[in-house]
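Peer 1: Just one file: input_39.cif, with mmCIF, C-alpha atoms.
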data_query
loop_
_atom_site.group_PDB
_atom_site.id
_atom_site.type_symbol
_atom_site.label_atom_id
_atom_site.label_comp_id
_atom_site.auth_asym_id
_atom_site.auth_seq_id
_atom_site.Cartn_x
_atom_site.Cartn_y
_atom_site.Cartn_z
ATOM 1 C CA MET A 1227 0.000 0.000 0.000
ATOM 2 C CA GLY A 1228 1.189 3.479 -0.769
ATOM 3 C CA SER A 1229 0.731 6.458 1.515
ATOM 4 C CA SER A 1230 -0.776 8.779 -1.088
ATOM 5 C CA SER A 1231 -3.802 10.870 -0.213
ATOM 6 C CA LEU A 1232 -7.305 9.866 -1.188
ATOM 7 C CA ASN A 1233 -8.900 11.777 -4.039
ATOM 8 C CA PRO A 1234 -11.642 14.390 -3.544
ATOM 9 C CA GLY A 1235 -14.975 12.980 -4.672
ATOM 10 C CA LEU A 1236 -14.257 9.563 -3.212
ATOM 11 C CA ILE A 1237 -17.230 8.079 -1.359
ATOM 12 C CA ILE A 1238 -16.441 6.574 2.055
ATOM 13 C CA ASP A 1239 -18.720 3.845 3.389
ATOM 14 C CA ASP A 1240 -21.484 4.847 0.929
ATOM 15 C CA ARG A 1241 -22.096 7.842 3.180
ATOM 16 C CA TRP A 1242 -19.335 10.444 3.065
ATOM 17 C CA GLU A 1243 -18.052 12.339 0.027
ATOM 18 C CA LEU A 1244 -14.505 13.638 0.479
ATOM 19 C CA LEU A 1245 -14.121 17.287 -0.499
ATOM 20 C CA SER A 1246 -10.524 18.288 0.268
ATOM 21 C CA LEU A 1247 -7.492 17.284 2.307
ATOM 22 C CA LEU A 1248 -7.239 19.369 5.486
ATOM 23 C CA ALA A 1249 -4.185 17.927 7.212
ATOM 24 C CA THR A 1250 -1.860 14.962 7.445
ATOM 25 C CA GLY A 1251 -0.836 13.810 10.907
ATOM 26 C CA SER A 1252 1.207 11.070 12.489
ATOM 27 C CA SER A 1253 -1.609 8.543 12.263
ATOM 28 C CA GLY A 1254 -4.026 9.723 9.613
ATOM 29 C CA GLU A 1255 -5.179 12.100 6.926
ATOM 30 C CA VAL A 1256 -8.048 14.453 7.711
ATOM 31 C CA TYR A 1257 -10.483 15.483 4.988
ATOM 32 C CA ALA A 1258 -13.372 17.889 4.796
ATOM 33 C CA ALA A 1259 -16.384 15.844 3.777
ATOM 34 C CA ARG A 1260 -20.119 16.027 3.180
ATOM 35 C CA GLU A 1261 -22.735 13.517 4.227
ATOM 36 C CA ARG A 1262 -24.471 12.508 1.018
ATOM 37 C CA ASP A 1263 -28.009 12.167 2.388
ATOM 38 C CA THR A 1264 -28.113 15.259 4.593
ATOM 39 C CA GLY A 1265 -25.420 17.535 3.161
ATOM 40 C CA ARG A 1266 -23.944 18.236 6.617
ATOM 41 C CA GLU A 1267 -20.243 18.914 6.960
ATOM 42 C CA ALA A 1268 -17.863 16.523 8.660
ATOM 43 C CA ALA A 1269 -14.177 15.890 9.126
ATOM 44 C CA ILE A 1270 -13.112 12.396 8.087
ATOM 45 C CA LYS A 1271 -9.888 11.036 9.547
ATOM 46 C CA VAL A 1272 -8.620 8.042 7.590
ATOM 47 C CA MET A 1273 -5.692 5.992 8.811
ATOM 48 C CA ARG A 1274 -2.535 6.415 6.737
ATOM 49 C CA SER A 1275 -2.117 3.447 4.420
ATOM 50 C CA ASP A 1276 1.597 3.085 5.205
ATOM 51 C CA LEU A 1277 0.710 2.360 8.854
ATOM 52 C CA MET A 1278 -1.742 -0.417 8.058
ATOM 53 C CA PRO A 1279 0.847 -3.241 8.367
ATOM 54 C CA ASP A 1280 1.393 -2.257 12.018
ATOM 55 C CA PRO A 1281 -1.313 -3.959 14.139
ATOM 56 C CA VAL A 1282 -0.546 -1.757 17.166
ATOM 57 C CA ALA A 1283 -1.044 1.381 15.054
ATOM 58 C CA VAL A 1284 -4.343 -0.002 13.730
ATOM 59 C CA LYS A 1285 -5.581 -0.778 17.246
ATOM 60 C CA ARG A 1286 -4.514 2.662 18.429
ATOM 61 C CA PHE A 1287 -6.462 4.340 15.615
ATOM 62 C CA GLU A 1288 -9.558 2.248 16.319
ATOM 63 C CA ARG A 1289 -9.218 3.001 19.990
ATOM 64 C CA GLU A 1290 -9.320 6.743 19.258
ATOM 65 C CA ALA A 1291 -12.819 6.271 17.828
ATOM 66 C CA GLN A 1292 -13.890 4.227 20.835
ATOM 67 C CA ALA A 1293 -12.372 6.626 23.364
ATOM 68 C CA THR A 1294 -13.623 9.863 21.808
ATOM 69 C CA GLY A 1295 -17.036 8.400 21.069
ATOM 70 C CA SER A 1296 -17.483 7.380 24.701
ATOM 71 C CA ILE A 1297 -17.170 11.006 25.921
ATOM 72 C CA ARG A 1298 -20.288 13.118 25.592
ATOM 73 C CA HIS A 1299 -19.251 16.653 26.357
ATOM 74 C CA PRO A 1300 -19.439 19.973 24.454
ATOM 75 C CA ASN A 1301 -15.691 20.576 24.913
ATOM 76 C CA VAL A 1302 -14.699 17.252 23.316
ATOM 77 C CA VAL A 1303 -14.786 16.904 19.542
ATOM 78 C CA LYS A 1304 -17.953 15.023 18.599
ATOM 79 C CA VAL A 1305 -17.662 11.648 16.884
ATOM 80 C CA ILE A 1306 -20.405 11.076 14.312
ATOM 81 C CA ALA A 1307 -19.449 7.636 13.025
ATOM 82 C CA HIS A 1308 -16.552 5.276 12.485
ATOM 83 C CA GLY A 1309 -15.879 2.273 10.312
ATOM 84 C CA HIS A 1310 -13.569 0.974 7.571
ATOM 85 C CA HIS A 1311 -12.955 1.884 3.947
ATOM 86 C CA LEU A 1312 -11.164 -0.804 1.942
ATOM 87 C CA GLY A 1313 -9.760 -2.106 5.205
ATOM 88 C CA ARG A 1314 -8.560 1.271 6.432
ATOM 89 C CA PRO A 1315 -10.253 2.527 9.615
ATOM 90 C CA TYR A 1316 -11.830 5.948 9.498
ATOM 91 C CA LEU A 1317 -13.378 8.323 11.991
ATOM 92 C CA ALA A 1318 -16.079 10.878 11.120
ATOM 93 C CA MET A 1319 -16.172 13.923 13.418
ATOM 94 C CA GLU A 1320 -17.733 17.359 13.530
ATOM 95 C CA LEU A 1321 -15.929 19.745 11.186
ATOM 96 C CA LEU A 1322 -14.328 22.510 13.219
ATOM 97 C CA HIS A 1323 -13.531 26.015 12.010
ATOM 98 C CA GLY A 1324 -10.819 27.956 13.796
ATOM 99 C CA GLU A 1325 -7.292 27.060 14.874
ATOM 100 C CA THR A 1326 -5.371 25.044 17.411
ATOM 101 C CA LEU A 1327 -4.143 26.613 20.616
ATOM 102 C CA GLU A 1328 -0.623 25.940 19.392
ATOM 103 C CA ALA A 1329 -1.235 28.038 16.270
ATOM 104 C CA ARG A 1330 -2.704 30.788 18.434
ATOM 105 C CA LEU A 1331 0.318 30.784 20.751
ATOM 106 C CA GLU A 1332 2.683 31.052 17.794
ATOM 107 C CA ARG A 1333 1.211 34.519 17.166
ATOM 108 C CA SER A 1334 0.952 35.699 20.763
ATOM 109 C CA THR A 1335 -0.393 34.713 24.149
ATOM 110 C CA PRO A 1336 -4.105 35.500 24.489
ATOM 111 C CA PRO A 1337 -5.256 37.980 27.159
ATOM 112 C CA ARG A 1338 -5.335 36.618 30.722
ATOM 113 C CA THR A 1339 -9.135 36.318 30.870
ATOM 114 C CA GLN A 1340 -9.157 34.286 27.648
ATOM 115 C CA CYS A 1341 -6.367 32.047 28.925
ATOM 116 C CA LEU A 1342 -8.351 31.264 32.065
ATOM 117 C CA ALA A 1343 -11.466 30.536 30.003
ATOM 118 C CA ILE A 1344 -9.481 28.177 27.772
ATOM 119 C CA ILE A 1345 -8.088 26.280 30.770
ATOM 120 C CA LYS A 1346 -11.541 26.043 32.339
ATOM 121 C CA GLN A 1347 -12.984 24.445 29.211
ATOM 122 C CA ILE A 1348 -10.061 22.047 28.728
ATOM 123 C CA ALA A 1349 -10.499 21.043 32.373
ATOM 124 C CA ALA A 1350 -14.195 20.324 31.849
ATOM 125 C CA ALA A 1351 -13.359 18.115 28.863
ATOM 126 C CA ILE A 1352 -10.671 16.213 30.740
ATOM 127 C CA ASP A 1353 -12.885 15.610 33.767
ATOM 128 C CA ALA A 1354 -15.615 14.321 31.432
ATOM 129 C CA ALA A 1355 -13.111 11.921 29.869
ATOM 130 C CA HIS A 1356 -11.890 10.722 33.252
ATOM 131 C CA ALA A 1357 -15.496 10.182 34.370
ATOM 132 C CA VAL A 1358 -15.922 7.487 31.703
ATOM 133 C CA GLY A 1359 -12.488 5.956 32.260
ATOM 134 C CA VAL A 1360 -10.562 7.674 29.445
ATOM 135 C CA ILE A 1361 -7.083 9.130 30.052
ATOM 136 C CA HIS A 1362 -5.899 11.334 27.185
ATOM 137 C CA ARG A 1363 -2.108 10.954 27.718
ATOM 138 C CA ASP A 1364 -1.177 13.446 24.992
ATOM 139 C CA LEU A 1365 -2.772 16.698 26.089
ATOM 140 C CA LYS A 1366 -0.965 19.638 24.471
ATOM 141 C CA PRO A 1367 -1.805 22.926 22.701
ATOM 142 C CA ASP A 1368 -1.880 21.187 19.315
ATOM 143 C CA ASN A 1369 -4.696 18.951 20.590
ATOM 144 C CA VAL A 1370 -6.769 21.889 21.819
ATOM 145 C CA PHE A 1371 -8.896 23.567 19.150
ATOM 146 C CA LEU A 1372 -10.267 27.106 19.455
ATOM 147 C CA LEU A 1373 -13.426 27.612 17.435
ATOM 148 C CA ALA A 1374 -13.717 30.693 15.282
ATOM 149 C CA GLY A 1375 -16.177 33.357 16.397
ATOM 150 C CA ASP A 1376 -16.857 35.571 19.360
ATOM 151 C CA GLY A 1377 -15.944 34.304 22.786
ATOM 152 C CA ILE A 1378 -13.945 31.229 23.724
ATOM 153 C CA ALA A 1379 -15.157 27.792 22.643
ATOM 154 C CA VAL A 1380 -12.754 24.865 23.029
ATOM 155 C CA ARG A 1381 -12.687 21.326 21.670
ATOM 156 C CA VAL A 1382 -10.167 18.769 22.911
ATOM 157 C CA LEU A 1383 -8.933 16.547 20.067
ATOM 158 C CA ASP A 1384 -6.925 13.420 19.337
ATOM 159 C CA PHE A 1385 -7.510 10.650 21.831
ATOM 160 C CA GLY A 1386 -5.296 8.349 19.759
ATOM 161 C CA TYR A 1387 -2.951 7.670 22.675
ATOM 162 C CA ALA A 1388 -5.758 7.419 25.202
ATOM 163 C CA LYS A 1389 -5.704 4.795 27.897
ATOM 164 C CA LEU A 1390 -9.132 3.269 28.441
ATOM 165 C CA ALA A 1391 -10.605 1.561 31.450
ATOM 166 C CA GLU A 1392 -10.974 -2.208 31.250
ATOM 167 C CA ARG A 1393 -14.723 -1.891 30.807
ATOM 168 C CA LEU A 1394 -14.111 -0.049 27.541
ATOM 169 C CA VAL A 1395 -11.279 -2.155 26.161
ATOM 170 C CA GLY A 1396 -9.226 -4.901 27.730
ATOM 171 C CA ASP A 1397 -5.909 -4.692 25.926
ATOM 172 C CA ALA A 1398 -3.130 -4.496 28.489
ATOM 173 C CA ASN A 1399 -0.519 -5.317 25.846
ATOM 174 C CA LEU A 1400 -1.397 -2.219 23.836
ATOM 175 C CA THR A 1401 -1.168 -0.076 26.955
ATOM 176 C CA ALA A 1402 2.255 -1.536 27.754
ATOM 177 C CA ALA A 1403 3.446 -0.944 24.196
ATOM 178 C CA ASN A 1404 2.343 2.673 24.509
ATOM 179 C CA ALA A 1405 3.958 3.244 27.908
ATOM 180 C CA LEU A 1406 6.206 6.081 26.700
ATOM 181 C CA LEU A 1407 3.757 8.096 24.657
ATOM 182 C CA GLY A 1408 2.957 11.754 24.485
ATOM 183 C CA THR A 1409 4.695 14.976 23.545
ATOM 184 C CA PRO A 1410 7.853 15.362 25.685
ATOM 185 C CA LEU A 1411 7.264 18.928 26.916
ATOM 186 C CA TYR A 1412 3.829 18.060 28.320
ATOM 187 C CA MET A 1413 4.615 14.583 29.670
ATOM 188 C CA ALA A 1414 4.197 13.922 33.384
ATOM 189 C CA PRO A 1415 7.191 12.533 35.314
ATOM 190 C CA GLU A 1416 5.549 9.109 35.475
ATOM 191 C CA GLN A 1417 5.210 9.120 31.676
ATOM 192 C CA VAL A 1418 8.865 10.061 31.280
ATOM 193 C CA GLN A 1419 9.720 7.099 33.497
ATOM 194 C CA ALA A 1420 7.542 4.883 31.275
ATOM 195 C CA SER A 1421 5.523 3.757 34.262
ATOM 196 C CA ARG A 1422 2.842 1.142 33.600
ATOM 197 C CA GLU A 1423 0.759 2.875 36.262
ATOM 198 C CA VAL A 1424 0.041 6.094 34.366
ATOM 199 C CA ASP A 1425 -3.376 7.287 35.489
ATOM 200 C CA SER A 1426 -5.593 10.342 35.163
ATOM 201 C CA ARG A 1427 -3.166 12.461 37.172
ATOM 202 C CA ALA A 1428 -0.829 12.513 34.158
ATOM 203 C CA ASP A 1429 -3.464 14.563 32.310
ATOM 204 C CA LEU A 1430 -3.597 16.964 35.254
ATOM 205 C CA TRP A 1431 0.150 17.519 34.958
ATOM 206 C CA SER A 1432 -0.155 18.180 31.214
ATOM 207 C CA LEU A 1433 -2.990 20.612 31.846
ATOM 208 C CA ALA A 1434 -0.852 22.370 34.469
ATOM 209 C CA VAL A 1435 2.007 22.780 31.966
ATOM 210 C CA ILE A 1436 -0.401 24.294 29.425
ATOM 211 C CA ALA A 1437 -1.873 26.591 32.086
ATOM 212 C CA TYR A 1438 1.596 27.693 33.231
ATOM 213 C CA GLU A 1439 2.523 28.434 29.615
ATOM 214 C CA LEU A 1440 -0.618 30.519 29.106
ATOM 215 C CA VAL A 1441 -0.590 32.488 32.352
ATOM 216 C CA VAL A 1442 3.157 32.895 32.895
ATOM 217 C CA GLY A 1443 3.937 33.387 29.214
ATOM 218 C CA LYS A 1444 6.719 30.777 29.127
ATOM 219 C CA VAL A 1445 6.879 27.010 29.385
ATOM 220 C CA PRO A 1446 8.224 25.709 32.720
ATOM 221 C CA PHE A 1447 10.772 23.483 30.971
ATOM 222 C CA PRO A 1448 12.798 25.442 28.394
ATOM 223 C CA SER A 1449 15.161 22.723 27.099
ATOM 224 C CA THR A 1450 14.717 21.653 23.500
ATOM 225 C CA ASN A 1451 17.006 18.643 23.837
ATOM 226 C CA VAL A 1452 14.817 15.702 24.872
ATOM 227 C CA ALA A 1453 17.346 14.245 27.326
ATOM 228 C CA ASP A 1454 17.773 17.595 29.123
ATOM 229 C CA LEU A 1455 14.026 18.148 29.012
ATOM 230 C CA PHE A 1456 13.404 14.856 30.791
ATOM 231 C CA VAL A 1457 15.921 15.816 33.487
ATOM 232 C CA GLU A 1458 14.076 19.115 33.968
ATOM 233 C CA ILE A 1459 10.741 17.328 34.256
ATOM 234 C CA LEU A 1460 12.066 14.756 36.716
ATOM 235 C CA VAL A 1461 14.400 16.599 39.072
ATOM 236 C CA ARG A 1462 15.221 20.251 38.417
ATOM 237 C CA PRO A 1463 13.433 22.975 40.383
ATOM 238 C CA ILE A 1464 10.479 24.382 38.471
ATOM 239 C CA PRO A 1465 10.656 28.207 38.251
ATOM 240 C CA LEU A 1466 7.965 29.894 40.308
ATOM 241 C CA PRO A 1467 5.730 32.192 38.247
ATOM 242 C CA SER A 1468 6.733 35.268 40.302
ATOM 243 C CA ALA A 1469 10.396 34.496 39.647
ATOM 244 C CA VAL A 1470 9.737 34.484 35.897
ATOM 245 C CA ASP A 1471 7.551 37.587 35.991
ATOM 246 C CA PRO A 1472 7.525 39.612 39.253
ATOM 247 C CA THR A 1473 4.323 41.365 38.197
ATOM 248 C CA LEU A 1474 2.322 38.130 38.464
ATOM 249 C CA PRO A 1475 0.176 37.603 41.587
ATOM 250 C CA LYS A 1476 2.102 35.751 44.301
ATOM 251 C CA PRO A 1477 -0.656 33.137 44.842
ATOM 252 C CA LEU A 1478 0.304 31.666 41.470
ATOM 253 C CA ASP A 1479 3.464 30.324 43.116
ATOM 254 C CA ALA A 1480 1.501 28.108 45.495
ATOM 255 C CA TRP A 1481 -0.765 27.038 42.635
ATOM 256 C CA SER A 1482 2.194 25.976 40.465
ATOM 257 C CA ILE A 1483 3.838 24.064 43.315
ATOM 258 C CA ARG A 1484 0.727 21.929 43.711
ATOM 259 C CA ALA A 1485 -0.283 21.690 40.046
ATOM 260 C CA LEU A 1486 3.227 20.607 39.018
ATOM 261 C CA ALA A 1487 3.933 18.370 41.997
ATOM 262 C CA ARG A 1488 6.057 15.413 40.960
ATOM 263 C CA ALA A 1489 4.345 13.281 43.578
ATOM 264 C CA ARG A 1490 0.998 12.432 42.005
ATOM 265 C CA ASP A 1491 -0.875 12.405 45.305
ATOM 266 C CA ALA A 1492 0.136 16.031 45.903
ATOM 267 C CA ARG A 1493 -1.521 17.329 42.713
ATOM 268 C CA TYR A 1494 -5.028 18.727 42.466
ATOM 269 C CA PRO A 1495 -7.617 15.933 42.638
ATOM 270 C CA ASN A 1496 -9.240 16.805 39.323
ATOM 271 C CA ALA A 1497 -8.971 19.221 36.419
ATOM 272 C CA THR A 1498 -11.850 21.441 37.491
ATOM 273 C CA GLU A 1499 -10.276 22.103 40.882
ATOM 274 C CA LEU A 1500 -6.972 22.877 39.172
ATOM 275 C CA ALA A 1501 -8.672 25.402 36.870
ATOM 276 C CA THR A 1502 -10.705 26.957 39.684
ATOM 277 C CA ALA A 1503 -7.611 27.346 41.866
ATOM 278 C CA LEU A 1504 -5.769 28.904 38.929
ATOM 279 C CA THR A 1505 -8.516 31.476 38.412
ATOM 280 C CA GLU A 1506 -8.393 32.409 42.089
ATOM 281 C CA ALA A 1507 -4.589 32.570 42.160
ATOM 282 C CA ALA A 1508 -4.440 34.704 39.009
ATOM 283 C CA ARG A 1509 -6.628 37.439 40.448
ATOM 284 C CA PRO A 1510 -4.649 40.680 41.006
ATOM 285 C CA GLU A 1511 -5.872 40.590 44.610
ATOM 286 C CA SER A 1512 -2.443 40.850 46.156
ATOM 287 C CA ARG A 1513 -1.820 44.190 44.472
ATOM 288 C CA SER A 1514 -5.349 45.367 45.292
ATOM 289 C CA SER A 1515 -4.780 44.421 48.922
ATOM 290 C CA ILE A 1516 -1.644 46.550 49.033
ATOM 291 C CA PHE A 1517 -3.524 49.530 47.637
ATOM 292 C CA LEU A 1518 -6.387 48.966 50.094
ATOM 293 C CA VAL A 1519 -4.028 48.775 53.067
ATOM 294 C CA ALA A 1520 -2.226 51.920 51.876
ATOM 295 C CA ALA A 1521 -5.546 53.751 51.508
ATOM 296 C CA VAL A 1522 -6.637 52.703 55.005
ATOM 297 C CA VAL A 1523 -3.318 53.878 56.480
ATOM 298 C CA VAL A 1524 -3.561 57.246 54.713
ATOM 299 C CA LEU A 1525 -7.151 57.663 55.904
ATOM 300 C CA ALA A 1526 -6.162 56.825 59.482
ATOM 301 C CA ILE A 1527 -3.356 59.398 59.385
ATOM 302 C CA VAL A 1528 -5.697 62.077 58.033
ATOM 303 C CA LEU A 1529 -8.249 61.326 60.745
ATOM 304 C CA ALA A 1530 -5.578 61.341 63.460
ATOM 305 C CA LEU A 1531 -4.284 64.712 62.268
ATOM 306 C CA ALA A 1532 -7.792 66.108 62.167
ATOM 307 C CA ILE A 1533 -8.495 64.992 65.730
ATOM 308 C CA ALA A 1534 -5.142 66.247 67.028
ATOM 309 C CA ARG A 1535 -5.405 69.641 65.333
ATOM 310 C CA PRO A 1536 -5.906 72.393 67.937
ATOM 311 C CA ARG A 1537 -9.214 74.223 67.700
#
Output the file's structure as structure tokens, nothing else.
Peer 2:
Amino acid sequence: MGSSSLNPGLIIDDRWELLSLLATGSSGEVYAARERDTGREAAIKVMRSDLMPDPVAVKRFEREAQATGSIRHPNVVKVIAHGHHLGRPYLAMELLHGETLEARLERSTPPRTQCLAIIKQIAAAIDAAHAVGVIHRDLKPDNVFLLAGDGIAVRVLDFGYAKLAERLVGDANLTAANALLGTPLYMAPEQVQASREVDSRADLWSLAVIAYELVVGKVPFPSTNVADLFVEILVRPIPLPSAVDPTLPKPLDAWSIRALARARDARYPNATELATALTEAARPESRSSIFLVAAVVVLAIVLALAIARPR
């Protein structure tokens, strides 16, 4: 089998007409498509033909459909259907218009309020996944999609590396084969160590790295060399937000210490609590408190002088 793209006009599963190639990724090609009976838009992800001889890759692709389809949440990309075309698995999803968070960050960091809204919605998606036994394991800005339009609307994408609970799929060998998966910068320490016990707390670490990047304006681990990056993730002190940018509220330091705790038990218990704590810590309350205290002191001095002034 070659790895060439499918031609526009091709009919998939007697249901979907391919319109144009949108992107080519590590596991598949994504096409804009139209449902023949209804005319509705869709995005069709078809597994790359050159990966078909690899049974682990095939199972991983099929598992993406199972994992994503099991999560019913507005912040997770919606799966419409899945099946096979000439032996190649495909996944039909809602067609999204906008850009990835990674593309957005390449231009500039969004305003603070938008960053907090993005994290809140990613957190809701991740908690929904965890509630049905799905661990993403590759959460990163490139797998977060920002819909075009007014306001912030997020979709979490690409559950191809997801780890599923036994009730969804019982394939321990596939999980073991995928032990060291993910994008290095956003991998939790236990993923770097290729632990077989990676659980939902790895997603919380990845979310914390994304949140740190958005709010602080820099990633917590600057190395581009993978070996050095892994050392930073595992053992080197993580810069406190106020040390990177002294204008940031001091409560962010305590938030980062807990969110990026190397001991899994010390992290936030779920993504929503992480996002809520971040919103609280990011408030400019410390600076407001200083101004309030200063105002109270000035007022007290004025009153004291007024009382002490001879009549």
Peer 1: Which residues are close to Val1370 of chain A, i.e. within 9 Å by all atoms listed in the file, leaving aside same-chain residues fewer than 3 positions away? Reply as an MDAnalysis selection string.
Peer 2: chainID A and resid 1325:1328 1348 1365:1367 1380:1384
Peer 1: Can you turn the PyMOL selection byres ((chain A and resi 1318) around 8) into a concrete residue list for this file, as a list in words?
Peer 2: Ala1268, Ala1269, Ile1270, Lys1271, Val1305, Ile1306, Ala1307, His1308, Tyr1316, Leu1317, Met1319 and Glu1320 of chain A
Peer 1: Using all atoms listed in the file, find the one residue out of A:Ile1361, A:Ile1238, A:Ala1249, A:Ala1329 that sits nearest to Arg1314 of chain A.
Peer 2: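 Going through A:Ile1361, A:Ile1238, A:Ala1249, A:Ala1329 one by one, the smallest distance to Arg1314 of chain A is for A:Ile1238.
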Peer 1: Assuming the chain letters and numbering stay as they are in my file, what does the PyMOL selection byres ((chain A and resi 1495-1503) around 7) actually select? List them as number ranges by chain.
Peer 2: A: 1345-1346, 1349-1350, 1352-1353, 1430, 1481, 1485, 1493-1494, 1504-1507
Peer 1: I need the residue nearest His1356 of chain A from this list: A:His1310, A:Gly1377, A:Ala1428, A:Leu1321. Use all atoms listed in the file for the distance.
Peer 2: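 With all atoms listed in the file as the atom set, the closest residue is A:Ala1428.
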Peer 1: Compare A:Ser1482, A:Thr1294, A:Ser1252, A:Ser1449 by their minimum atom-to-atom distance to Ala1434 of chain A, counting only C-alpha atoms, and give me the closest one.
Peer 2: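 For Ala1434 of chain A, the nearest of the given residues is A:Ser1482.
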Peer 1: Hey, what's within 9 Å of Ala1374 of chain A if we count only C-alpha atoms and toss same-chain stuff fewer than 5 positions away? As an mmCIF file with C-alpha atoms, in the coordinates of the input, please?
Peer 2:
data_model
loop_
_atom_site.group_PDB
_atom_site.id
_atom_site.type_symbol
_atom_site.label_atom_id
_atom_site.label_comp_id
_atom_site.auth_asym_id
_atom_site.auth_seq_id
_atom_site.Cartn_x
_atom_site.Cartn_y
_atom_site.Cartn_z
ATOM 1 C CA LEU A 1322 -14.328 22.510 13.219
ATOM 2 C CA HIS A 1323 -13.531 26.015 12.010
ATOM 3 C CA GLY A 1324 -10.819 27.956 13.796
ATOM 4 C CA GLU A 1325 -7.292 27.060 14.874
ATOM 5 C CA ALA A 1379 -15.157 27.792 22.643
#
Peer 1: Go through A:Arg1262, A:Arg1286, A:Arg1488, A:Arg1241 one by one, measure the shortest atom-to-atom distance of each to Gln1419 of chain A using only C-alpha atoms, and give the residue with the smallest value.
Peer 2: A:Arg1488
Peer 1: I need the residue nearest Gln1417 of chain A from this list: A:Leu1440, A:Ala1343, A:Ile1483, A:Leu1460. Use all atoms listed in the file for the distance.
Peer 2: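 Between A:Leu1440, A:Ala1343, A:Ile1483, A:Leu1460, the residue approaching Gln1417 of chain A most closely is A:Leu1460.
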Peer 1: I'd like the interatomic distance between atom CA of Lys1285 of chain A and atom CA of Gly1235 of chain A, to a tenth of an Å.
Peer 2: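 Distance between the two atoms: 27.5 Å.
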Peer 1: Generate N, CA and C atoms for segment 1484-1499 of chain A and emit them as a short mmCIF file (atom, residue, chain, number, x, y, z; two decimals), keeping the file's coordinate frame.
Peer 2:
data_model
loop_
_atom_site.label_atom_id
_atom_site.label_comp_id
_atom_site.auth_asym_id
_atom_site.auth_seq_id
_atom_site.Cartn_x
_atom_site.Cartn_y
_atom_site.Cartn_z
N ARG A 1484 1.64 23.07 43.60
CA ARG A 1484 0.73 21.93 43.71
C ARG A 1484 0.39 21.34 42.35
N ALA A 1485 0.11 22.18 41.37
CA ALA A 1485 -0.28 21.69 40.05
C ALA A 1485 0.83 20.88 39.39
N LEU A 1486 2.08 21.29 39.62
CA LEU A 1486 3.23 20.61 39.02
C LEU A 1486 4.01 19.82 40.07
N ALA A 1487 3.29 19.23 41.00
CA ALA A 1487 3.93 18.37 42.00
C ALA A 1487 4.34 17.05 41.34
N ARG A 1488 5.58 16.67 41.55
CA ARG A 1488 6.06 15.41 40.96
C ARG A 1488 5.42 14.20 41.63
N ALA A 1489 5.08 14.34 42.89
CA ALA A 1489 4.34 13.28 43.58
C ALA A 1489 2.87 13.39 43.18
N ARG A 1490 2.35 12.35 42.56
CA ARG A 1490 1.00 12.43 42.00
C ARG A 1490 -0.06 12.73 43.06
N ASP A 1491 0.11 12.19 44.25
CA ASP A 1491 -0.88 12.40 45.30
C ASP A 1491 -0.95 13.86 45.75
N ALA A 1492 0.09 14.63 45.47
CA ALA A 1492 0.14 16.03 45.90
C ALA A 1492 -0.53 16.97 44.90
N ARG A 1493 -0.90 16.48 43.73
CA ARG A 1493 -1.52 17.33 42.71
C ARG A 1493 -2.99 17.59 43.05
N TYR A 1494 -3.60 18.49 42.30
CA TYR A 1494 -5.03 18.73 42.47
C TYR A 1494 -5.79 17.44 42.16
N PRO A 1495 -6.91 17.21 42.82
CA PRO A 1495 -7.62 15.93 42.64
C PRO A 1495 -8.31 15.78 41.29
N ASN A 1496 -8.61 16.87 40.64
CA ASN A 1496 -9.24 16.80 39.32
C ASN A 1496 -8.95 18.09 38.56
N ALA A 1497 -9.30 18.09 37.28
CA ALA A 1497 -8.97 19.22 36.42
C ALA A 1497 -9.77 20.47 36.77
N THR A 1498 -11.02 20.28 37.15
CA THR A 1498 -11.85 21.44 37.49
C THR A 1498 -11.30 22.18 38.70
N GLU A 1499 -10.86 21.45 39.71
CA GLU A 1499 -10.28 22.10 40.88
C GLU A 1499 -8.98 22.82 40.52
#
